[in-house]
Each structure stands twice: as structure tokens, then as C-alpha cells.
>>> print(open('entry-v6.cif').read())   # mmCIF, C-alpha atoms
data_data
#
loop_
_atom_site.label_atom_id
_atom_site.label_comp_id
_atom_site.auth_asym_id
_atom_site.auth_seq_id
_atom_site.Cartn_x
_atom_site.Cartn_y
_atom_site.Cartn_z
CA MET A 10 11.73 -2.08 0.76
CA VAL A 11 9.66 -1.06 3.76
CA PHE A 12 11.66 0.50 6.58
CA LEU A 13 9.93 -0.18 9.90
CA VAL A 14 11.08 2.06 12.73
CA PHE A 15 10.07 0.39 15.99
CA ALA A 16 10.30 2.58 19.09
CA HIS A 17 9.28 0.91 22.31
CA PRO A 18 11.44 1.43 25.40
CA TYR A 19 10.02 -1.70 27.09
CA PRO A 20 9.03 -4.12 24.33
CA ASP A 21 9.02 -7.09 26.71
CA ARG A 22 6.15 -5.39 28.59
CA SER A 23 4.00 -4.87 25.50
CA ARG A 24 2.07 -7.90 24.37
CA ALA A 25 0.36 -5.88 21.62
CA ASN A 26 3.47 -4.23 20.14
CA ARG A 27 5.43 -7.48 20.24
CA HIS A 28 2.53 -9.32 18.57
CA LEU A 29 2.31 -6.68 15.85
CA LEU A 30 6.05 -6.65 15.25
CA ASP A 31 6.18 -10.44 15.08
CA ALA A 32 3.43 -10.36 12.45
CA VAL A 33 5.54 -8.37 9.98
CA SER A 34 9.19 -8.98 10.89
CA ASP A 35 9.54 -12.04 8.68
CA LEU A 36 8.11 -10.42 5.56
CA GLU A 37 10.56 -10.28 2.70
CA GLY A 38 11.29 -6.67 1.86
CA VAL A 39 10.86 -5.36 5.41
CA GLU A 40 13.80 -3.93 7.31
CA VAL A 41 13.11 -3.47 11.02
CA ARG A 42 15.05 -1.00 13.13
CA SER A 43 14.37 -1.27 16.87
CA LEU A 44 15.53 2.13 18.05
CA TYR A 45 15.84 1.29 21.74
CA ASP A 46 17.93 -1.79 20.92
CA GLU A 47 20.13 0.06 18.43
CA TYR A 48 20.52 3.36 20.24
CA PRO A 49 20.19 2.86 24.02
CA THR A 50 22.30 5.98 24.64
CA PHE A 51 20.31 8.01 22.06
CA ASP A 52 23.46 8.40 19.92
CA ILE A 53 21.78 7.94 16.54
CA ASP A 54 23.82 7.02 13.47
CA VAL A 55 22.24 9.61 11.19
CA PRO A 56 23.94 8.50 7.92
CA ARG A 57 22.83 4.89 8.57
CA GLU A 58 19.23 5.94 9.22
CA GLN A 59 19.14 8.23 6.21
CA ALA A 60 20.58 5.46 4.02
CA ALA A 61 17.82 3.10 5.14
CA LEU A 62 15.19 5.76 4.47
CA THR A 63 16.68 6.40 1.03
CA ARG A 64 16.46 2.67 0.16
CA ALA A 65 12.88 2.47 1.38
CA ASP A 66 9.77 2.79 -0.74
CA ALA A 67 7.66 3.14 2.41
CA VAL A 68 8.23 3.87 6.08
CA VAL A 69 6.37 2.51 9.10
CA TRP A 70 6.56 4.18 12.52
CA GLN A 71 5.42 1.73 15.20
CA HIS A 72 5.31 2.68 18.87
CA PRO A 73 3.17 3.08 21.97
CA ILE A 74 1.65 6.48 22.71
CA TYR A 75 3.47 8.22 25.55
CA TRP A 76 1.95 11.44 26.85
CA TYR A 77 -0.08 11.95 23.68
CA SER A 78 2.93 11.56 21.41
CA THR A 79 5.84 9.35 20.46
CA PRO A 80 8.36 7.86 22.90
CA SER A 81 11.30 10.19 23.44
CA LEU A 82 13.78 8.25 21.30
CA LEU A 83 11.51 8.38 18.26
CA LYS A 84 11.09 12.14 18.72
CA HIS A 85 14.88 12.41 18.99
CA TRP A 86 15.19 10.27 15.84
CA PHE A 87 12.87 12.71 14.01
CA ASP A 88 14.99 15.64 15.21
CA LYS A 89 18.33 14.10 14.21
CA VAL A 90 17.44 12.20 11.01
CA LEU A 91 14.78 14.30 9.29
CA LEU A 92 17.10 17.19 8.57
CA ARG A 93 16.45 20.39 6.69
CA GLY A 94 17.92 20.16 3.22
CA TRP A 95 17.56 16.37 3.31
CA ALA A 96 14.00 15.58 4.41
CA TYR A 97 12.39 19.01 3.97
CA GLY A 98 13.16 22.56 2.94
CA GLU A 99 15.28 23.58 -0.03
CA GLY A 100 16.80 20.43 -1.51
CA GLY A 101 15.04 18.26 1.07
CA THR A 102 13.39 15.73 -1.19
CA ALA A 103 14.77 12.42 0.14
CA LEU A 104 11.38 11.29 1.48
CA ARG A 105 9.11 12.91 -1.08
CA GLY A 106 6.47 10.51 -2.34
CA LYS A 107 7.31 7.68 0.06
CA ARG A 108 4.32 6.20 1.84
CA CYS A 109 4.20 6.49 5.64
CA LEU A 110 2.16 4.18 7.85
CA TRP A 111 1.74 5.04 11.52
CA VAL A 112 1.06 2.13 13.88
CA ALA A 113 0.46 3.05 17.50
CA THR A 114 -0.94 1.52 20.66
CA THR A 115 -2.57 3.28 23.57
CA GLY A 116 -3.23 2.34 27.16
CA GLY A 117 -6.52 4.20 27.14
CA ASP A 118 -9.45 2.44 25.54
CA GLU A 119 -12.07 3.92 23.20
CA ASP A 120 -14.04 5.42 26.11
CA ALA A 121 -10.96 7.25 27.38
CA TYR A 122 -10.75 9.18 24.08
CA ARG A 123 -14.10 10.97 24.24
CA PRO A 124 -14.93 14.52 25.33
CA GLU A 125 -16.27 13.10 28.60
CA GLY A 126 -13.49 10.52 28.89
CA MET A 127 -10.20 10.59 30.76
CA HIS A 128 -8.35 12.35 27.90
CA ASN A 129 -11.16 14.84 27.11
CA ARG A 130 -10.74 14.50 23.35
CA PRO A 131 -11.02 11.94 20.58
CA PHE A 132 -7.72 10.22 19.79
CA GLU A 133 -7.64 11.99 16.41
CA ALA A 134 -7.00 15.26 18.25
CA TYR A 135 -3.54 13.92 19.15
CA THR A 136 -2.51 12.70 15.69
CA PRO A 137 -1.64 15.95 13.86
CA VAL A 138 1.96 16.14 15.08
CA VAL A 139 2.95 12.72 13.74
CA GLU A 140 0.93 13.12 10.56
CA GLN A 141 2.34 16.58 9.90
CA THR A 142 5.89 15.26 10.39
CA ALA A 143 5.33 12.88 7.49
CA VAL A 144 3.43 15.37 5.34
CA PHE A 145 6.01 18.13 5.94
CA CYS A 146 8.65 15.77 4.57
CA GLY A 147 6.56 15.18 1.45
CA MET A 148 5.50 11.67 2.43
CA ARG A 149 2.15 10.17 1.50
CA TRP A 150 0.25 9.61 4.75
CA GLN A 151 -1.54 6.26 4.95
CA GLU A 152 -4.56 5.54 7.14
CA PRO A 153 -3.02 4.80 10.59
CA LEU A 154 -3.46 1.57 12.51
CA ILE A 155 -4.23 2.48 16.12
CA ILE A 156 -4.95 -0.07 18.83
CA LYS A 157 -6.63 1.52 21.83
CA GLY A 158 -6.58 -0.15 25.24
CA ALA A 159 -3.84 -2.40 23.86
CA HIS A 160 -3.04 -4.20 27.11
CA ARG A 161 -6.66 -5.35 27.39
CA VAL A 162 -7.31 -6.37 23.80
CA PRO A 163 -8.47 -10.01 23.73
CA GLU A 164 -6.20 -12.45 21.89
CA PRO A 165 -8.60 -13.01 18.94
CA ALA A 166 -8.88 -9.25 18.33
CA LEU A 167 -5.12 -8.84 18.66
CA ASN A 168 -4.66 -11.59 16.07
CA GLU A 169 -7.00 -9.70 13.73
CA TYR A 170 -5.02 -6.49 14.19
CA ALA A 171 -1.80 -8.41 13.49
CA GLN A 172 -3.23 -9.99 10.32
CA ASN A 173 -4.46 -6.59 9.14
CA TYR A 174 -1.03 -5.09 9.84
CA ARG A 175 0.73 -7.89 7.99
CA ALA A 176 -1.56 -7.44 4.98
CA ARG A 177 -1.00 -3.68 4.94
CA VAL A 178 2.77 -3.97 5.18
CA ALA A 179 2.83 -6.73 2.54
CA ALA A 180 0.83 -4.40 0.28
CA LEU A 181 3.39 -1.63 0.86
CA VAL A 182 6.18 -4.05 -0.11
CA LYS A 183 4.28 -5.14 -3.22
CA GLN A 184 3.52 -1.54 -4.25
CA GLY A 185 7.19 -0.66 -3.85
CA ALA A 186 8.29 -3.63 -5.94
CA ALA A 187 5.84 -2.66 -8.69
CA ALA A 188 7.10 0.92 -8.83
#
>>> encode(input="entry-v6.cif", output="C-alpha cells")
Amino acid sequence: MVFLVFAHPYPDRSRANRHLLDAVSDLEGVEVRSLYDEYPTFDIDVPREQAALTRADAVVWQHPIYWYSTPSLLKHWFDKVLLRGWAYGEGGTALRGKRCLWVATTGGDEDAYRPEGMHNRPFEAYTPVVEQTAVFCGMRWQEPLIIKGAHRVPEPALNEYAQNYRARVAALVKQGAAA
């Protein structure tokens, strides 16, 4: 099973995230958890989330980039769910070896993520926190899928991203079934 953690506070405003989510939601073997739908008051059911992670062969974190990081509820989810002794540290092996795919969208386009661009750095300069979260928990980091300038991506390109995403998630399901 692939556990897809979707964290978008305003999914109705995100053509790209909705398109991506629609591309994989109907895949057999994918369990989607929309954090802002499930936990609008940020009161996370930790045992439920940990049970889903335990069942999963792979985890997907899908969200928009907010201030160079994850939306606040996903950060809170990391803090509450990925506990010492469970996800990391002594005895914390629950996620060890599981594959982790990061899928993110940005408002800034490719030009914004250059030394001379609006954000002064390449996008990769902002990825270590999310990647290290997975790696610290013993997960196997997969090549991320990042869509820059998501609100301006033409429909044909968005369809290509969605097909690529679907293929990658289907492959995660298949790899898990084969294990």
C-alpha cells in the first residue's frame, strides 16, 4: 500500500494539486489522507496515522510550498506522528526501508529559483529539510516531483506531470506488492 499524505489548506484554489491528486486517487493500493479535511483543528489522531504508515510500503507527501517549506499542518503532522522511539531513535524503526516520494508545487517559476531570481537560490537549496525528515526516519528518498510555477503550467504540461505522477505511484504500489 502507498500512503499518500495530501496537505493543501485550499485545495479548491489549486488546479495543479487537484489535478495531481485526481491522477492517483483511484489507483488500487493507494490510501489518500487529506490532512486539512481530516484535521481542520490540527488535532491529529496519532495512532491512526501511525497505523496507516505501518501498513504502507511507501509514503507520498504532496503539498504546495509555503514559505520555502511545507504547509503548517504537514509540519505539525511530522512533529506529532514521527515520534522518537517509533520513527527514529532507539527502537524507532517503523519507517525504515519504506520509500518516500515528495510531490510539491511552487508559485515561483524556474526563473524565480535562480541566484538572480526572486528567491535568490535554486529550488534544491530548500529541499534538505523535507528530504532529511525522510532520511532521518530511515526511509528511502525517491527523486521528487516538483512543479514550479504551478498556477501557470499549461494544461498539456500539467497532464504530462499527472501521467508521470500516476506512473510513479503505480510503480510504488507494484514494488510494494512484489516485496
>>> resolve_selection(input="entry-v6.cif", expression="the PyMOL selection byres ((chain A and resi 126-138) around 10)", output="PyMOL selection string")
chain A and resi 74+76-79+111+115+117-125+139-144+153+155+157
>>> closest_residue(input="entry-v6.cif", among="A:Ala103, A:Val14, A:Ala180, A:Leu167", to="Ser43 of chain A", atoms="all atoms listed in the file")
A:Val14
>>> closest_residue(input="entry-v6.cif", among="A:Phe87, A:Thr63, A:Gln172, A:Gly185", to="Asp31 of chain A", atoms="all atoms listed in the file")
A:Gln172
>>> residues_around(input="entry-v6.cif", residues="Tyr174 of chain A", least_positions_apart="4", cutoff="9 Å", atoms="all atoms listed in the file", output="ChimeraX atom specification")
/A:29,32-33,112,154,169-170,178-179
>>> resolve_selection(input="entry-v6.cif", expression="the PyMOL selection byres ((chain A and resi 71) around 6)", output="list of chain:residue names")
A:Phe15, A:Trp70, A:His72, A:Val112, A:Ala113
>>> closest_atom_pairs(input="entry-v6.cif", of="segment 65-91 of chain A", to="segment 50-56 of chain A", cutoff="8 Å", atoms="all atoms listed in the file", output="CSV")
residue,atom,partner,partner_atom,distance
A:Leu82,CA,A:Phe51,CA,6.6
A:His85,CA,A:Phe51,CA,7.6
A:Trp86,CA,A:Ile53,CA,7.0
A:Lys89,CA,A:Val55,CA,6.7
A:Val90,CA,A:Val55,CA,5.5
>>> atom_distance(input="entry-v6.cif", atom1="atom CA of Ala67 of chain A", atom2="atom CA of Val39 of chain A")
9.6 Å
>>> closest_residue(input="entry-v6.cif", among="A:Ala159, A:Val68, A:Ala25, A:Ala166", to="Arg42 of chain A", atoms="all atoms listed in the file")
A:Val68
>>> closest_residue(input="entry-v6.cif", among="A:Leu36, A:Ala16, A:Leu30, A:Val41", to="Ser81 of chain A", atoms="only C-alpha atoms")
A:Ala16
>>> atom_distance(input="entry-v6.cif", atom1="atom CA of Glu164 of chain A", atom2="atom CA of Ser34 of chain A")
19.2 Å
